[in-house]
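Below: target_19.pdb (PDB, C-alpha atoms)
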```
ATOM      1  CA  MET A 264      40.712  95.303 128.257
ATOM      2  CA  THR A 265      41.945  94.517 124.784
ATOM      3  CA  THR A 266      40.991  91.331 122.961
ATOM      4  CA  PRO A 267      42.145  89.167 121.325
ATOM      5  CA  ILE A 268      45.317  88.523 123.296
ATOM      6  CA  ILE A 269      48.416  89.367 121.278
ATOM      7  CA  SER A 270      51.646  87.657 122.282
ATOM      8  CA  ILE A 271      55.201  87.018 121.184
ATOM      9  CA  TYR A 272      57.591  84.157 121.883
ATOM     10  CA  SER A 273      60.312  84.739 124.471
ATOM     11  CA  GLU A 274      62.997  84.155 121.837
ATOM     12  CA  ALA A 275      61.923  87.276 119.887
ATOM     13  CA  THR A 276      64.098  90.376 119.917
ATOM     14  CA  ALA A 277      63.141  93.709 121.475
ATOM     15  CA  GLN A 278      62.952  95.127 117.939
ATOM     16  CA  GLU A 279      60.481  92.418 116.876
ATOM     17  CA  ALA A 280      58.350  93.137 119.946
ATOM     18  CA  ALA A 281      58.385  96.882 119.227
ATOM     19  CA  GLN A 282      57.439  96.311 115.593
ATOM     20  CA  LEU A 283      54.506  94.072 116.575
ATOM     21  CA  MET A 284      53.262  96.606 119.152
ATOM     22  CA  LYS A 285      53.457  99.370 116.547
ATOM     23  CA  GLU A 286      51.679  97.261 113.927
ATOM     24  CA  LYS A 287      48.878  96.275 116.327
ATOM     25  CA  ARG A 288      48.766  99.731 117.979
ATOM     26  CA  ILE A 289      49.091  98.278 121.480
ATOM     27  CA  GLY A 290      51.260  99.087 124.491
ATOM     28  CA  SER A 291      52.146  95.598 125.714
ATOM     29  CA  LEU A 292      52.524  91.982 124.665
ATOM     30  CA  LEU A 293      52.214  88.754 126.579
ATOM     31  CA  ILE A 294      55.392  86.691 126.404
ATOM     32  CA  LYS A 295      54.966  83.005 125.781
ATOM     33  CA  ARG A 296      57.121  79.917 125.833
ATOM     34  CA  TYR A 297      56.113  76.463 124.766
ATOM     35  CA  GLU A 298      54.710  75.691 128.231
ATOM     36  CA  GLY A 299      52.491  78.814 128.248
ATOM     37  CA  TYR A 300      52.597  82.512 129.053
ATOM     38  CA  VAL A 301      55.532  83.616 131.185
ATOM     39  CA  GLY A 302      55.364  87.406 131.337
ATOM     40  CA  ILE A 303      54.473  90.763 129.829
ATOM     41  CA  VAL A 304      56.648  93.267 127.963
ATOM     42  CA  SER A 305      55.484  96.876 127.668
ATOM     43  CA  GLU A 306      56.489  99.945 125.686
ATOM     44  CA  ARG A 307      58.101 101.253 128.844
ATOM     45  CA  ASP A 308      60.210  98.095 129.169
ATOM     46  CA  LEU A 309      61.458  98.573 125.621
ATOM     47  CA  VAL A 310      62.271 102.237 126.204
ATOM     48  CA  TYR A 311      64.292 101.363 129.323
ATOM     49  CA  LYS A 312      66.111  98.644 127.418
ATOM     50  CA  GLU A 313      66.853 101.013 124.561
ATOM     51  CA  VAL A 314      68.241 103.828 126.716
ATOM     52  CA  ASP A 315      69.743 101.398 129.237
ATOM     53  CA  GLU A 316      68.929 103.494 132.281
ATOM     54  CA  GLY A 317      68.549 100.543 134.616
ATOM     55  CA  LEU A 318      65.532 101.979 136.440
ATOM     56  CA  ASP A 319      63.536  99.851 138.866
ATOM     57  CA  PRO A 320      60.644  98.196 137.036
ATOM     58  CA  LYS A 321      57.097  98.993 138.079
ATOM     59  CA  ILE A 322      53.999  96.979 137.325
ATOM     60  CA  ASN A 323      51.942  98.723 134.644
ATOM     61  CA  HIS A 324      49.992  95.776 133.219
ATOM     62  CA  LEU A 325      48.365  92.711 134.735
ATOM     63  CA  ALA A 326      47.285  89.547 132.974
ATOM     64  CA  ILE A 327      43.644  88.732 133.792
ATOM     65  CA  THR A 328      42.958  85.015 134.158
ATOM     66  CA  GLU A 329      39.848  82.892 134.287
ATOM     67  CA  ASN A 330      40.115  79.200 135.152
ATOM     68  CA  GLY A 331      43.864  79.334 134.501
ATOM     69  CA  ASP A 332      43.540  80.879 131.028
ATOM     70  CA  ILE A 333      44.581  84.445 130.233
ATOM     71  CA  VAL A 334      41.509  86.353 129.067
ATOM     72  CA  GLY A 335      42.882  89.897 128.904
ATOM     73  CA  ILE A 336      45.320  92.524 130.070
ATOM     74  CA  LEU A 337      44.486  95.277 132.547
ATOM     75  CA  SER A 338      46.562  98.463 132.356
ATOM     76  CA  ILE A 339      47.008 101.371 134.744
ATOM     77  CA  LYS A 340      45.119 103.486 132.184
ATOM     78  CA  ASP A 341      42.141 101.096 132.459
ATOM     79  CA  LEU A 342      42.124 101.595 136.239
ATOM     80  CA  ILE A 343      42.391 105.388 135.982
ATOM     81  CA  ASP A 344      39.585 105.527 133.386
ATOM     82  CA  THR A 345      37.351 103.393 135.617
ATOM     83  CA  LYS A 346      38.110 105.530 138.677
ATOM     84  CA  GLU A 347      37.290 108.719 136.747
ATOM     85  CA  LYS A 348      33.963 107.258 135.533
ATOM     86  CA  GLN A 349      33.051 106.286 139.103
ATOM     87  CA  SER A 350      33.827 109.804 140.339
ATOM     88  CA  THR A 351      31.355 111.452 137.953
TER      89      THR A 351
END
```
Show me this structure written as structure tokens.
Amino acid sequence: MTTPIISIYSEATAQEAAQLMKEKRIGSLLIKRYEGYVGIVSERDLVYKEVDEGLDPKINHLAITENGDIVGILSIKDLIDTKEKQST
């Protein structure tokens, strides 16, 4: 998991999201509105938007919550790394 949580408002452009991910060296951002977090955008989402291939989305990141607050993001890579460590 990566902390602290890095997010962007839903009104931001795809370019702004990509720039923030590049600056922070991260692969996803939580999307927030005034009432709270509403989703996640990933590098993959931005690539699909850019090339406009219209592929079916797949879940690659999950928001981890504790008592209703988001405390982190779990990625597929995190799960694979954990599985590999358990196998050794």
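Distance annotation: of A:Leu283, A:Val334, A:Val301, A:Leu309, the residue with the minimal separation from Pro267 of chain A is A:Val334; atom set is only C-alpha atoms.
Atom CA of Lys348 of chain A is positioned 25.2 Å from atom CA of Ser305 of chain A.
What separates atom CA of Lys287 of chain A from atom CA of Ile269 of chain A is a distance of 8.5 Å.
Distance check against Ala275 of chain A using only C-alpha atoms: of A:Ser338, A:Asn323, A:Leu293, A:Thr328, the minimum falls on A:Leu293.
Nearest residue to Asp332 of chain A among A:Thr276, A:Lys285, A:Ile268, A:Asp308 is A:Ile268, counting only C-alpha atoms.
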Closest of A:Gly290, A:Gln349, A:Glu306, A:Ser270 to Leu337 of chain A, counting all atoms listed in the file, is A:Gly290
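Minimum distance to Gly302 of chain A across A:Glu279, A:Gly331, A:Ile271, A:Met284 (counting all atoms listed in the file) occurs at A:Ile271.
Between atom CA of Ile327 of chain A and atom CA of Glu286 of chain A lies a distance of 23.1 Å.
Take the candidates A:Ala277, A:Ile333, A:Leu325, A:Ile289 and check each one against Ile303 of chain A using all atoms listed in the file; the shortest distance goes to A:Leu325.
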